[in-house]
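Enquirer: Sharing start.cif (mmCIF, C-alpha atoms and all ligand atoms) below.
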```
data_coords
loop_
_atom_site.label_atom_id
_atom_site.label_comp_id
_atom_site.auth_asym_id
_atom_site.auth_seq_id
_atom_site.Cartn_x
_atom_site.Cartn_y
_atom_site.Cartn_z
CA MET A 144 83.22 284.83 179.42
CA THR A 145 87.00 284.61 179.55
CA CYS A 146 87.88 286.39 182.78
CA LEU A 147 89.11 283.93 185.43
CA PHE A 148 87.61 285.77 188.40
CA CYS A 149 84.28 286.31 186.59
CA ARG A 150 84.21 282.53 186.19
CA ILE A 151 84.92 282.01 189.89
CA VAL A 152 82.18 284.52 190.80
CA SER A 153 79.67 282.68 188.58
CA GLY A 154 80.72 279.30 190.00
CA GLU A 155 81.92 278.03 186.62
CA ILE A 156 85.41 277.50 188.07
CA PRO A 157 85.66 276.09 191.59
CA ALA A 158 87.36 278.04 194.35
CA GLN A 159 87.38 278.00 198.14
CA VAL A 160 84.70 280.66 198.47
CA VAL A 161 84.52 282.17 201.96
CA TYR A 162 81.91 284.84 201.20
CA ARG A 163 79.30 285.18 198.47
CA GLY A 164 77.00 288.19 198.33
CA PRO A 165 75.05 290.08 195.68
CA GLU A 166 77.89 292.51 194.92
CA VAL A 167 81.03 290.91 196.38
CA THR A 168 82.67 287.47 196.45
CA ALA A 169 85.71 286.36 198.45
CA PHE A 170 87.77 283.22 198.00
CA ARG A 171 91.12 281.83 199.13
CA ASP A 172 94.14 282.60 196.98
CA ILE A 173 95.35 279.48 195.16
CA ASN A 174 98.97 280.38 195.98
CA PRO A 175 98.80 281.84 199.49
CA GLN A 176 101.54 284.25 200.57
CA ALA A 177 100.52 284.26 204.22
CA PRO A 178 98.54 281.96 206.57
CA VAL A 179 95.49 284.07 205.69
CA HIS A 180 95.32 285.05 202.01
CA VAL A 181 91.85 285.81 200.70
CA LEU A 182 90.88 287.68 197.53
CA VAL A 183 87.90 290.02 197.77
CA VAL A 184 86.41 290.89 194.38
CA PRO A 185 83.43 292.75 192.93
CA ASN A 186 80.96 290.41 191.23
CA ARG A 187 80.81 292.69 188.23
CA HIS A 188 83.84 292.83 185.99
CA VAL A 189 86.05 295.81 186.86
CA GLU A 190 89.57 295.65 185.49
CA SER A 191 91.36 297.41 188.32
CA ILE A 192 91.02 300.01 191.05
CA SER A 193 91.80 302.76 188.54
CA GLU A 194 88.30 302.35 187.09
CA LEU A 195 86.55 303.18 190.36
CA GLY A 196 85.87 306.48 192.09
CA SER A 197 83.28 308.35 194.09
CA ALA A 198 80.47 307.03 191.88
CA ASP A 199 81.37 303.55 193.15
CA ALA A 200 81.49 304.47 196.83
CA ALA A 201 78.88 301.85 197.77
CA LEU A 202 80.76 299.03 196.04
CA LEU A 203 84.10 300.12 197.51
CA GLY A 204 82.51 300.28 200.94
CA GLN A 205 81.18 296.76 200.58
CA LEU A 206 84.54 295.40 199.44
CA ILE A 207 86.20 296.91 202.53
CA GLU A 208 83.39 295.79 204.84
CA VAL A 209 83.64 292.19 203.62
CA ALA A 210 87.43 292.25 203.98
CA ASN A 211 87.22 293.60 207.53
CA GLU A 212 84.59 291.01 208.48
CA LEU A 213 86.70 288.20 207.01
CA ALA A 214 89.75 289.47 208.91
CA ARG A 215 87.70 289.03 212.10
CA GLN A 216 86.47 285.58 211.03
CA GLU A 217 89.98 284.47 210.09
CA GLY A 218 91.31 285.65 213.45
CA VAL A 219 93.72 288.34 212.26
CA ALA A 220 91.72 291.46 213.14
CA ASP A 221 93.84 292.14 216.24
CA SER A 222 97.19 290.76 215.07
CA GLY A 223 96.90 292.88 211.93
CA TYR A 224 96.43 292.47 208.23
CA ARG A 225 97.11 294.04 204.86
CA LEU A 226 94.46 294.90 202.34
CA ILE A 227 96.13 295.64 199.04
CA THR A 228 95.29 295.81 195.38
CA ASN A 229 97.75 295.73 192.51
CA ARG A 230 97.10 297.78 189.42
CA GLY A 231 99.20 297.35 186.27
CA PRO A 232 102.49 295.61 185.43
CA ASP A 233 104.85 297.38 187.86
CA ALA A 234 102.52 296.57 190.74
CA GLY A 235 102.38 292.92 189.62
CA GLN A 236 98.73 292.65 188.62
CA THR A 237 98.32 289.29 186.90
CA VAL A 238 94.52 288.95 186.83
CA ALA A 239 92.64 291.82 185.16
CA HIS A 240 89.64 291.72 187.50
CA LEU A 241 89.86 294.00 190.53
CA HIS A 242 90.76 292.10 193.69
CA PHE A 243 91.84 293.11 197.16
CA HIS A 244 94.33 290.77 198.80
CA LEU A 245 93.56 290.23 202.47
CA LEU A 246 96.84 289.06 203.99
CA GLY A 247 97.53 288.20 207.60
CA GLY A 248 98.72 285.68 210.14
CA ARG A 249 102.42 286.54 210.01
CA PRO A 250 104.56 289.66 210.40
CA MET A 251 105.09 291.42 207.06
CA SER A 252 107.93 293.68 206.03
CA TRP A 253 107.74 297.12 204.47
CA PRO A 254 108.41 298.33 201.82
CA PRO A 255 107.02 295.52 199.66
CA GLY A 256 109.41 293.89 197.20
P1 LIG B 301 97.63 289.85 191.35
O1 LIG B 301 99.03 289.37 191.06
O2 LIG B 301 97.56 290.99 192.32
O3 LIG B 301 96.87 290.12 190.06
O4 LIG B 301 96.90 288.67 192.11
C1 LIG B 301 96.33 287.59 191.45
C2 LIG B 301 96.19 286.50 192.48
O5 LIG B 301 95.25 285.55 192.01
C3 LIG B 301 97.49 285.75 192.78
O6 LIG B 301 97.80 285.89 194.16
C4 LIG B 301 97.15 284.32 192.39
O7 LIG B 301 97.74 283.36 193.25
C5 LIG B 301 95.65 284.29 192.48
N1 LIG B 301 94.97 283.29 191.66
C6 LIG B 301 95.21 283.00 190.36
N2 LIG B 301 94.37 282.04 189.94
C7 LIG B 301 93.57 281.73 190.98
C8 LIG B 301 92.50 280.81 191.18
N3 LIG B 301 92.07 280.00 190.20
N4 LIG B 301 91.91 280.74 192.41
C9 LIG B 301 92.35 281.53 193.41
N5 LIG B 301 93.34 282.44 193.28
C10 LIG B 301 93.95 282.53 192.09
ZN ZN B 302 86.14 289.56 185.44
#
```
Mind converting the file's structure to structure tokens?
Ligand code: AMP
Ligand code: ZN
Expert:
Amino acid sequence: MTCLFCRIVSGEIPAQVVYRGPEVTAFRDINPQAPVHVLVVPNRHVESISELGSADAALLGQLIEVANELARQEGVADSGYRLITNRGPDAGQTVAHLHFHLLGGRPMSWPPG
């Protein structure tokens, strides 16, 4: 198994895991871009969001539910947060295992750089 996030999901590589469930795992980003920066990933290997659709509604719902719950736990539910996923080189995807960035705890500008 070569995928970095598959290895984190399996526990082979340590990470600051904040949620572990049967379908979804969440852990702190190693290079945080905001006071709260958590990555929410499917346990099964999915390369990016472009692979998912209506057939994966349950998994997508769980990813969003976990992110929203963690936003509450991390104290940014009311101040606000971003939930973003990068797909492909122009978007800056560097790890080819779908992940949603949960970012919060500071004001963020728009548009993104
Ligand atoms: P992206 O650029 O959207 O593909 O995001 C990949 C994210 O994974 C970056 O924010 C990295 O800081 C983060 N990252 C890379 N390696 C690790 C790791 N071992 N543990 C936690 N986060 C990581
Ligand atoms: Zn993977």
Enquirer: List as a tab-separated table every residue of stretch 149-199 of chain A that is in contact with stretch 215-228 of chain A, defined as an atom at most 12 Å from one of its atoms (using all atoms listed in the file), together with the nearest atom pair and the distance in Å rounded to one decimal, sorted by chain and then rising number.
Expert:
```
residue	atom	partner	partner_atom	distance
A:Val161	CA	A:Gln216	CA	9.9
A:Tyr162	CA	A:Gln216	CA	10.9
A:Arg171	CA	A:Glu217	CA	11.3
A:Gln176	CA	A:Arg225	CA	11.6
A:Ala177	CA	A:Tyr224	CA	10.0
A:Pro178	CA	A:Glu217	CA	9.6
A:Val179	CA	A:Glu217	CA	7.1
A:His180	CA	A:Arg225	CA	9.6
A:Val181	CA	A:Leu226	CA	9.6
A:Leu182	CA	A:Leu226	CA	9.4
A:Val183	CA	A:Leu226	CA	9.4
A:Val184	CA	A:Thr228	CA	10.2
A:Glu190	CA	A:Thr228	CA	11.4
A:Ser191	CA	A:Thr228	CA	8.2
A:Ile192	CA	A:Thr228	CA	7.4
A:Ser193	CA	A:Thr228	CA	10.4
```
Enquirer: Could you dump the residues just selected with C-alpha atoms as a compact mmCIF listing (two decimals), keeping the file's coordinate frame?
Expert:
```txt
# COMPACT_ATOMS: atom_id res chain seq x y z
CA VAL A 161 84.52 282.17 201.96
CA TYR A 162 81.91 284.84 201.20
CA ARG A 171 91.12 281.83 199.13
CA GLN A 176 101.54 284.25 200.57
CA ALA A 177 100.52 284.26 204.22
CA PRO A 178 98.54 281.96 206.57
CA VAL A 179 95.49 284.07 205.69
CA HIS A 180 95.32 285.05 202.01
CA VAL A 181 91.85 285.81 200.70
CA LEU A 182 90.88 287.68 197.53
CA VAL A 183 87.90 290.02 197.77
CA VAL A 184 86.41 290.89 194.38
CA GLU A 190 89.57 295.65 185.49
CA SER A 191 91.36 297.41 188.32
CA ILE A 192 91.02 300.01 191.05
CA SER A 193 91.80 302.76 188.54
```
Enquirer: Could you check which of A:Ile207, A:Thr168, A:Trp253, A:Leu245 is closest to A:Gly154, using only C-alpha atoms?
Expert: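 Nearest to A:Gly154: A:Thr168.
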Enquirer: Could you list, as a list of chain:residue names, all the residues within 8 Å of ligand LIG 301 (chain B), counting only C-alpha atoms and all ligand atoms?
Expert: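 Residues satisfying the distance criterion: A:Leu147, A:Phe148, A:Ile151, A:Ile156, A:Pro157, A:Ala158, A:Gln159, A:Phe170, A:Arg171, A:Asp172, A:Ile173, A:Asn174, A:Pro175, A:Gln176, A:Leu182, A:Thr228, A:Asn229, A:Arg230, A:Ala234, A:Gly235, A:Gln236, A:Thr237, A:Val238, A:Ala239, A:His240, A:His242, A:Phe243, A:His244.
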Enquirer: Of the candidates A:Pro165, A:Pro185, A:Pro255, A:Pro250, which one gets nearest to ligand ZN 302 (chain B) if we count all atoms listed in the file?
Expert: A:Pro185
Enquirer: Residues at most 8 Å from A:Cys149, counting only C-alpha atoms, excluding those fewer than 3 positions away in the same chain, as a PyMOL selection string?
Expert: chain A and resi 144-146+152-153+186-188+240
Enquirer: Just how far from atom CA of A:Ala169 is atom CA of A:Leu206, in Å to one decimal?
Expert: 9.2 Å
Enquirer: Point out the residue among A:Glu155, A:Leu246, A:Glu166, A:Gly204 with the least atom-to-atom distance to A:Val189, counting all atoms listed in the file.
Expert: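 When distances to A:Val189 are compared using all atoms listed in the file, the smallest one comes from A:Glu166.
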Enquirer: Which of these, A:Arg163, A:Ser252, A:Ala201, A:Arg150, has the shortest distance to ligand ZN 302 (chain B) once you count only C-alpha atoms and all ligand atoms?
Expert: A:Arg150
Enquirer: Please indicate the distance in Å from atom CA of A:Ser197 to atom CA of A:Leu241, rounded to one decimal place.
Expert: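 Distance between the two atoms: 16.2 Å.
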Enquirer: Give me the box for stretch 151-169 of chain A as lines of an AutoDock Vina configuration file, namely the centre and edge lengths in Å to one decimal of a box along x, y and z that holds every listed atom plus 8 Å on each side.
Expert:
```
center_x = 81.2
center_y = 284.3
center_z = 194.3
size_x = 28.3
size_y = 32.4
size_z = 31.3
```
Enquirer: What gap, in Å, lies between atom CA of A:Glu194 and atom CA of A:Gly231?
Expert: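 These two atoms are separated by 12.0 Å.
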Enquirer: Tell me which of A:Val167, A:Val160, A:Arg249, A:Pro254 sits closest to A:Glu208, counting only C-alpha atoms.
Expert: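 Counting only C-alpha atoms, the residue closest to A:Glu208 is A:Val167.
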